[in-house]
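Accompanying notes for the structure given below.
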Amino acid sequence: MTYIDPSSVTSPQAHVANVIPIKDTGEDEWSAALFEWDGKAALGLRWNGGGQDKLHPGNPQSRGLSTWFIVPWEIAPDVLQAVISQSLGGGKVDKVKAKAACADFLFKLEATAIAAEGRGFRERVEQIVLAMKTEGKI
């Protein structure tokens, strides 16, 4: 196994659905994607795999299957902003779809935070969305 396309990382299938890659820096590098984890919005990161170790499916992995590191929702807006600052896209990533998914994800995160009574979270999400709009990223 060489480079793992982030759109094909759907394990564990009982938990992951609707994967939308937003960043793919290629073989031996990293990817980011938005998806549903147990029905809730999630941001995932991973190393793609490839290079010298042709048998490694990247990291994280479980029993040889590529998986995602789920970014905790409390820090997801900041991590997403960092990913966006590196510019969306790469590989087979559709930039238009990635931008729309990022905007939608931030609003879903806000709902999650409100449900968990996260203080100040709404303001942080609003700041990020405003910055993304100002910079023409959404």
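Within each chain, counting starts at residue 1; across the structure tokens, chains are named A, B, ... in the order shown, with ligands numbered 1 upward in that order.
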
Original post:
Residues of chain A in strand (DSSP E) according to DSSP, as an NGL selection string?
Top reply: :A and (16-24 or 30-37 or 40-47 or 61-62 or 65-66 or 69-70)

Can you check which parts of stretch 18-75 of chain A lie within 9 Å of stretch 79-103 of chain A? Per residue, the shortest pair of atoms and distance in Å to one decimal, counting only C-alpha atoms, sorted by chain and number, as a tab-separated table.
```
residue	atom	partner	partner_atom	distance
A:Ile20	CA	A:Ala98	CA	7.0
A:Pro21	CA	A:Val93	CA	6.0
A:Ile22	CA	A:Ala98	CA	4.7
A:Lys23	CA	A:Gly89	CA	4.8
A:Asp24	CA	A:Gly90	CA	4.8
A:Thr25	CA	A:Gly90	CA	5.8
A:Gly26	CA	A:Gly91	CA	6.4
A:Ala32	CA	A:Val83	CA	7.6
A:Ala33	CA	A:Ala98	CA	8.6
A:Leu34	CA	A:Ala101	CA	7.2
A:Leu43	CA	A:Leu80	CA	7.6
A:Val71	CA	A:Val79	CA	7.9
A:Ile75	CA	A:Val79	CA	6.3
```

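Picture a line from atom CA of A:Asp78 to atom CA of A:Gly136; it runs 17.9 Å.
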
Subject >> Distance query A:Phe107 at most 12 Å, only C-alpha atoms, self and fewer than 5 positions along chain excluded, as a PyMOL selection string >> reply: chain A and resi 40-42+73+76-77+100-102+112-114+121-126+128-129

Any chance you can output those residues with N, CA and C atoms as a PDB file, in the first residue's frame?
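Contents of result.pdb, as written:
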```pdb
ATOM      1  N   LYS A  40     -22.277  13.069  14.243  1.00  0.00           N
ATOM      2  CA  LYS A  40     -21.935  14.443  14.612  1.00  0.00           C
ATOM      3  C   LYS A  40     -20.794  14.949  13.735  1.00  0.00           C
ATOM      4  N   ALA A  41     -20.785  16.263  13.495  1.00  0.00           N
ATOM      5  CA  ALA A  41     -19.733  16.875  12.681  1.00  0.00           C
ATOM      6  C   ALA A  41     -18.376  16.641  13.333  1.00  0.00           C
ATOM      7  N   ALA A  42     -17.386  16.294  12.501  1.00  0.00           N
ATOM      8  CA  ALA A  42     -16.045  16.038  13.016  1.00  0.00           C
ATOM      9  C   ALA A  42     -15.001  16.525  12.021  1.00  0.00           C
ATOM     10  N   TRP A  73     -13.826  18.861  19.617  1.00  0.00           N
ATOM     11  CA  TRP A  73     -14.616  20.004  19.142  1.00  0.00           C
ATOM     12  C   TRP A  73     -14.198  21.311  19.813  1.00  0.00           C
ATOM     13  N   ALA A  76     -11.413  22.398  17.602  1.00  0.00           N
ATOM     14  CA  ALA A  76     -11.622  22.214  16.168  1.00  0.00           C
ATOM     15  C   ALA A  76     -11.664  23.524  15.385  1.00  0.00           C
ATOM     16  N   PRO A  77     -12.316  24.599  15.880  1.00  0.00           N
ATOM     17  CA  PRO A  77     -12.319  25.843  15.095  1.00  0.00           C
ATOM     18  C   PRO A  77     -10.902  26.380  14.855  1.00  0.00           C
ATOM     19  N   ALA A 100     -17.239  25.210   1.118  1.00  0.00           N
ATOM     20  CA  ALA A 100     -18.627  25.100   1.594  1.00  0.00           C
ATOM     21  C   ALA A 100     -18.715  24.186   2.807  1.00  0.00           C
ATOM     22  N   ALA A 101     -17.971  23.090   2.784  1.00  0.00           N
ATOM     23  CA  ALA A 101     -17.982  22.152   3.907  1.00  0.00           C
ATOM     24  C   ALA A 101     -17.419  22.808   5.168  1.00  0.00           C
ATOM     25  N   CYS A 102     -16.396  23.656   5.021  1.00  0.00           N
ATOM     26  CA  CYS A 102     -15.809  24.338   6.179  1.00  0.00           C
ATOM     27  C   CYS A 102     -16.820  25.281   6.824  1.00  0.00           C
ATOM     28  N   THR A 112     -23.057  22.105  18.452  1.00  0.00           N
ATOM     29  CA  THR A 112     -22.505  21.141  19.397  1.00  0.00           C
ATOM     30  C   THR A 112     -22.067  21.841  20.676  1.00  0.00           C
ATOM     31  N   ALA A 113     -21.408  22.980  20.524  1.00  0.00           N
ATOM     32  CA  ALA A 113     -20.916  23.721  21.683  1.00  0.00           C
ATOM     33  C   ALA A 113     -22.059  24.268  22.522  1.00  0.00           C
ATOM     34  N   ILE A 114     -23.076  24.772  21.851  1.00  0.00           N
ATOM     35  CA  ILE A 114     -24.223  25.304  22.584  1.00  0.00           C
ATOM     36  C   ILE A 114     -24.888  24.184  23.376  1.00  0.00           C
ATOM     37  N   PHE A 121     -17.728  29.992  22.891  1.00  0.00           N
ATOM     38  CA  PHE A 121     -17.502  29.241  21.669  1.00  0.00           C
ATOM     39  C   PHE A 121     -18.157  29.918  20.470  1.00  0.00           C
ATOM     40  N   ARG A 122     -19.386  30.383  20.668  1.00  0.00           N
ATOM     41  CA  ARG A 122     -20.107  31.049  19.580  1.00  0.00           C
ATOM     42  C   ARG A 122     -19.311  32.238  19.047  1.00  0.00           C
ATOM     43  N   GLU A 123     -18.769  33.032  19.945  1.00  0.00           N
ATOM     44  CA  GLU A 123     -17.993  34.201  19.535  1.00  0.00           C
ATOM     45  C   GLU A 123     -16.767  33.795  18.738  1.00  0.00           C
ATOM     46  N   ARG A 124     -16.096  32.729  19.144  1.00  0.00           N
ATOM     47  CA  ARG A 124     -14.898  32.257  18.429  1.00  0.00           C
ATOM     48  C   ARG A 124     -15.266  31.785  17.025  1.00  0.00           C
ATOM     49  N   VAL A 125     -16.359  31.035  16.913  1.00  0.00           N
ATOM     50  CA  VAL A 125     -16.804  30.562  15.608  1.00  0.00           C
ATOM     51  C   VAL A 125     -17.165  31.750  14.724  1.00  0.00           C
ATOM     52  N   GLU A 126     -17.853  32.732  15.275  1.00  0.00           N
ATOM     53  CA  GLU A 126     -18.221  33.924  14.502  1.00  0.00           C
ATOM     54  C   GLU A 126     -16.973  34.667  14.022  1.00  0.00           C
ATOM     55  N   ILE A 128     -14.037  33.372  13.368  1.00  0.00           N
ATOM     56  CA  ILE A 128     -13.419  32.583  12.305  1.00  0.00           C
ATOM     57  C   ILE A 128     -14.197  32.736  11.005  1.00  0.00           C
ATOM     58  N   VAL A 129     -15.528  32.648  11.083  1.00  0.00           N
ATOM     59  CA  VAL A 129     -16.345  32.784   9.874  1.00  0.00           C
ATOM     60  C   VAL A 129     -16.157  34.165   9.265  1.00  0.00           C
TER      61      VAL A 129
END
```

Original post:
Nearest to A:Ser62: which of A:Ser11, A:Glu135, A:Thr2, A:Phe105 is it, counting only C-alpha atoms?
Top reply: A:Ser11

Taking 3 positions as the minimum chain separation for residues in the same chain, which residues sit within 7 Å of A:Phe69 when counting only C-alpha atoms? Answer as a PDB file with N, CA and C atoms, in the first residue's frame.
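Wrote selection06.pdb, looks like this:
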```pdb
ATOM      1  N   GLY A  44     -11.094  15.658  11.007  1.00  0.00           N
ATOM      2  CA  GLY A  44     -10.092  14.616  11.167  1.00  0.00           C
ATOM      3  C   GLY A  44      -8.791  14.989  10.476  1.00  0.00           C
ATOM      4  N   LEU A  45      -7.694  14.513  11.052  1.00  0.00           N
ATOM      5  CA  LEU A  45      -6.359  14.711  10.500  1.00  0.00           C
ATOM      6  C   LEU A  45      -5.671  13.355  10.403  1.00  0.00           C
ATOM      7  N   ARG A  46      -4.723  13.244   9.460  1.00  0.00           N
ATOM      8  CA  ARG A  46      -3.955  12.005   9.367  1.00  0.00           C
ATOM      9  C   ARG A  46      -2.729  12.206   8.491  1.00  0.00           C
ATOM     10  N   PRO A  60      -3.295   7.977  11.787  1.00  0.00           N
ATOM     11  CA  PRO A  60      -3.482   6.719  12.520  1.00  0.00           C
ATOM     12  C   PRO A  60      -4.030   5.614  11.622  1.00  0.00           C
TER      13      PRO A  60
END
```

Original post:
With distances taken over only C-alpha atoms, which of A:Leu106, A:Trp47, A:Ala111, A:Gly58 is nearest to A:Met132?
Top reply: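 Ranked by minimum distance to A:Met132, first place goes to A:Leu106.
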
Subject >> Neighbour list for A:Gly50 as a PyMOL selection string, cut-off 6 Å, only C-alpha atoms, skip fewer than 5 positions in-chain >> reply: chain A and resi 2-3+27-28

Output of the above residues as a PDB file, in the first residue's frame, restricted to N, CA and C atoms:
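Saved as part_18.pdb:
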```
ATOM      1  N   THR A   2       0.595   2.188  -0.868  1.00  0.00           N
ATOM      2  CA  THR A   2       1.354   3.435  -0.874  1.00  0.00           C
ATOM      3  C   THR A   2       0.468   4.544  -0.328  1.00  0.00           C
ATOM      4  N   TYR A   3       0.521   5.689  -0.940  1.00  0.00           N
ATOM      5  CA  TYR A   3      -0.275   6.836  -0.537  1.00  0.00           C
ATOM      6  C   TYR A   3      -1.758   6.469  -0.422  1.00  0.00           C
ATOM      7  N   GLU A  27       1.590  12.296  -0.869  1.00  0.00           N
ATOM      8  CA  GLU A  27       2.292  11.141  -0.323  1.00  0.00           C
ATOM      9  C   GLU A  27       3.309  11.569   0.730  1.00  0.00           C
ATOM     10  N   ASP A  28       3.377  10.802   1.803  1.00  0.00           N
ATOM     11  CA  ASP A  28       4.278  11.055   2.931  1.00  0.00           C
ATOM     12  C   ASP A  28       3.972  12.367   3.648  1.00  0.00           C
TER      13      ASP A  28
END
```

**OP:** Give the alpha helix (DSSP H) residues of stretch 2-136 of chain A, as DSSP finds them on the backbone, and put them as a PyMOL selection string.
**Re:** chain A and resi 76-85+95-115+121-134

Selected residues, N, CA and C atoms, written as a compact mmCIF listing (two decimals), in the first residue's frame, please.
```txt
# COMPACT_ATOMS: atom_id res chain seq x y z
N ALA A 76 -11.41 22.40 17.60
CA ALA A 76 -11.62 22.21 16.17
C ALA A 76 -11.66 23.52 15.38
N PRO A 77 -12.32 24.60 15.88
CA PRO A 77 -12.32 25.84 15.10
C PRO A 77 -10.90 26.38 14.86
N ASP A 78 -10.06 26.32 15.87
CA ASP A 78 -8.70 26.83 15.72
C ASP A 78 -7.87 25.94 14.79
N VAL A 79 -8.05 24.64 14.89
CA VAL A 79 -7.33 23.72 14.01
C VAL A 79 -7.82 23.91 12.57
N LEU A 80 -9.14 24.06 12.40
CA LEU A 80 -9.67 24.28 11.06
C LEU A 80 -9.13 25.58 10.48
N GLN A 81 -9.05 26.63 11.28
CA GLN A 81 -8.49 27.89 10.80
C GLN A 81 -7.04 27.71 10.36
N ALA A 82 -6.29 26.92 11.09
CA ALA A 82 -4.89 26.66 10.71
C ALA A 82 -4.83 25.90 9.38
N VAL A 83 -5.72 24.94 9.19
CA VAL A 83 -5.75 24.19 7.92
C VAL A 83 -6.11 25.15 6.78
N ILE A 84 -7.12 25.98 6.99
CA ILE A 84 -7.55 26.93 5.97
C ILE A 84 -6.42 27.90 5.63
N SER A 85 -5.64 28.31 6.63
CA SER A 85 -4.55 29.25 6.38
C SER A 85 -3.46 28.64 5.49
N LYS A 95 -11.86 22.31 -4.22
CA LYS A 95 -11.74 23.48 -3.35
C LYS A 95 -13.09 24.12 -3.05
N VAL A 96 -13.98 24.18 -4.03
CA VAL A 96 -15.30 24.80 -3.82
C VAL A 96 -16.09 23.98 -2.79
N LYS A 97 -16.08 22.68 -2.96
CA LYS A 97 -16.78 21.80 -2.01
C LYS A 97 -16.14 21.90 -0.62
N ALA A 98 -14.82 22.00 -0.58
CA ALA A 98 -14.10 22.11 0.71
C ALA A 98 -14.48 23.40 1.43
N LYS A 99 -14.53 24.51 0.70
CA LYS A 99 -14.91 25.80 1.32
C LYS A 99 -16.31 25.73 1.90
N ALA A 100 -17.24 25.21 1.12
CA ALA A 100 -18.63 25.10 1.59
C ALA A 100 -18.71 24.19 2.81
N ALA A 101 -17.97 23.09 2.78
CA ALA A 101 -17.98 22.15 3.91
C ALA A 101 -17.42 22.81 5.17
N CYS A 102 -16.40 23.66 5.02
CA CYS A 102 -15.81 24.34 6.18
C CYS A 102 -16.82 25.28 6.82
N ALA A 103 -17.52 26.04 6.02
CA ALA A 103 -18.53 26.97 6.55
C ALA A 103 -19.63 26.19 7.27
N ASP A 104 -20.11 25.13 6.65
CA ASP A 104 -21.15 24.31 7.25
C ASP A 104 -20.67 23.67 8.55
N PHE A 105 -19.44 23.20 8.54
CA PHE A 105 -18.87 22.55 9.72
C PHE A 105 -18.82 23.50 10.91
N LEU A 106 -18.41 24.75 10.68
CA LEU A 106 -18.32 25.71 11.77
C LEU A 106 -19.68 25.95 12.42
N PHE A 107 -20.73 25.98 11.61
CA PHE A 107 -22.06 26.17 12.18
C PHE A 107 -22.53 24.93 12.94
N LYS A 108 -22.15 23.75 12.45
CA LYS A 108 -22.48 22.52 13.18
C LYS A 108 -21.73 22.46 14.50
N LEU A 109 -20.48 22.91 14.49
CA LEU A 109 -19.70 22.93 15.73
C LEU A 109 -20.34 23.87 16.76
N GLU A 110 -20.84 24.98 16.27
CA GLU A 110 -21.50 25.93 17.17
C GLU A 110 -22.68 25.26 17.87
N ALA A 111 -23.47 24.52 17.12
CA ALA A 111 -24.61 23.82 17.71
C ALA A 111 -24.15 22.81 18.75
N THR A 112 -23.06 22.11 18.45
CA THR A 112 -22.51 21.14 19.40
C THR A 112 -22.07 21.84 20.68
N ALA A 113 -21.41 22.98 20.52
CA ALA A 113 -20.92 23.72 21.68
C ALA A 113 -22.06 24.27 22.52
N ILE A 114 -23.08 24.77 21.85
CA ILE A 114 -24.22 25.30 22.58
C ILE A 114 -24.89 24.18 23.38
N ALA A 115 -25.02 23.02 22.75
CA ALA A 115 -25.62 21.87 23.44
C ALA A 115 -24.78 21.47 24.65
N PHE A 121 -17.73 29.99 22.89
CA PHE A 121 -17.50 29.24 21.67
C PHE A 121 -18.16 29.92 20.47
N ARG A 122 -19.39 30.38 20.67
CA ARG A 122 -20.11 31.05 19.58
C ARG A 122 -19.31 32.24 19.05
N GLU A 123 -18.77 33.03 19.95
CA GLU A 123 -17.99 34.20 19.54
C GLU A 123 -16.77 33.79 18.74
N ARG A 124 -16.10 32.73 19.14
CA ARG A 124 -14.90 32.26 18.43
C ARG A 124 -15.27 31.79 17.03
N VAL A 125 -16.36 31.03 16.91
CA VAL A 125 -16.80 30.56 15.61
C VAL A 125 -17.16 31.75 14.72
N GLU A 126 -17.85 32.73 15.28
CA GLU A 126 -18.22 33.92 14.50
C GLU A 126 -16.97 34.67 14.02
N GLN A 127 -15.95 34.76 14.87
CA GLN A 127 -14.70 35.42 14.48
C GLN A 127 -14.05 34.69 13.30
N ILE A 128 -14.04 33.37 13.37
CA ILE A 128 -13.42 32.58 12.31
C ILE A 128 -14.20 32.74 11.00
N VAL A 129 -15.53 32.65 11.08
CA VAL A 129 -16.34 32.78 9.87
C VAL A 129 -16.16 34.17 9.27
N LEU A 130 -16.16 35.21 10.09
CA LEU A 130 -15.95 36.57 9.59
C LEU A 130 -14.58 36.71 8.93
N ALA A 131 -13.55 36.16 9.55
CA ALA A 131 -12.20 36.21 8.97
C ALA A 131 -12.15 35.47 7.65
N MET A 132 -12.82 34.31 7.56
CA MET A 132 -12.84 33.54 6.32
C MET A 132 -13.55 34.33 5.22
N LYS A 133 -14.66 34.99 5.56
CA LYS A 133 -15.39 35.80 4.57
C LYS A 133 -14.54 36.99 4.12
N THR A 134 -13.90 37.67 5.07
CA THR A 134 -13.07 38.81 4.75
C THR A 134 -11.93 38.43 3.82
```

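Interatomic distance, atom CA of A:Glu29 to atom CA of A:Leu65: 17.3 Å.
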
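Compared by their closest atoms to A:Gln61, and using only C-alpha atoms, the residues A:Glu74, A:Asn48, A:Lys137, A:Asp5 rank with A:Asn48 nearest.
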
Original post:
Which one is closest to A:His15: A:Pro57, A:Gly49, A:Trp30, A:Phe35? Count only C-alpha atoms.
Top reply: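 Of all the options, A:Phe35 lies closest to A:His15.
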
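Between atom CA of A:Arg63 and atom CA of A:Pro12 the interatomic distance comes to 10.6 Å.
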
**OP:** Between A:Glu36, A:Asn59, A:Ile138, A:Pro72, single out the one closest to A:Thr10, counting only C-alpha atoms.
**Re:** A:Glu36
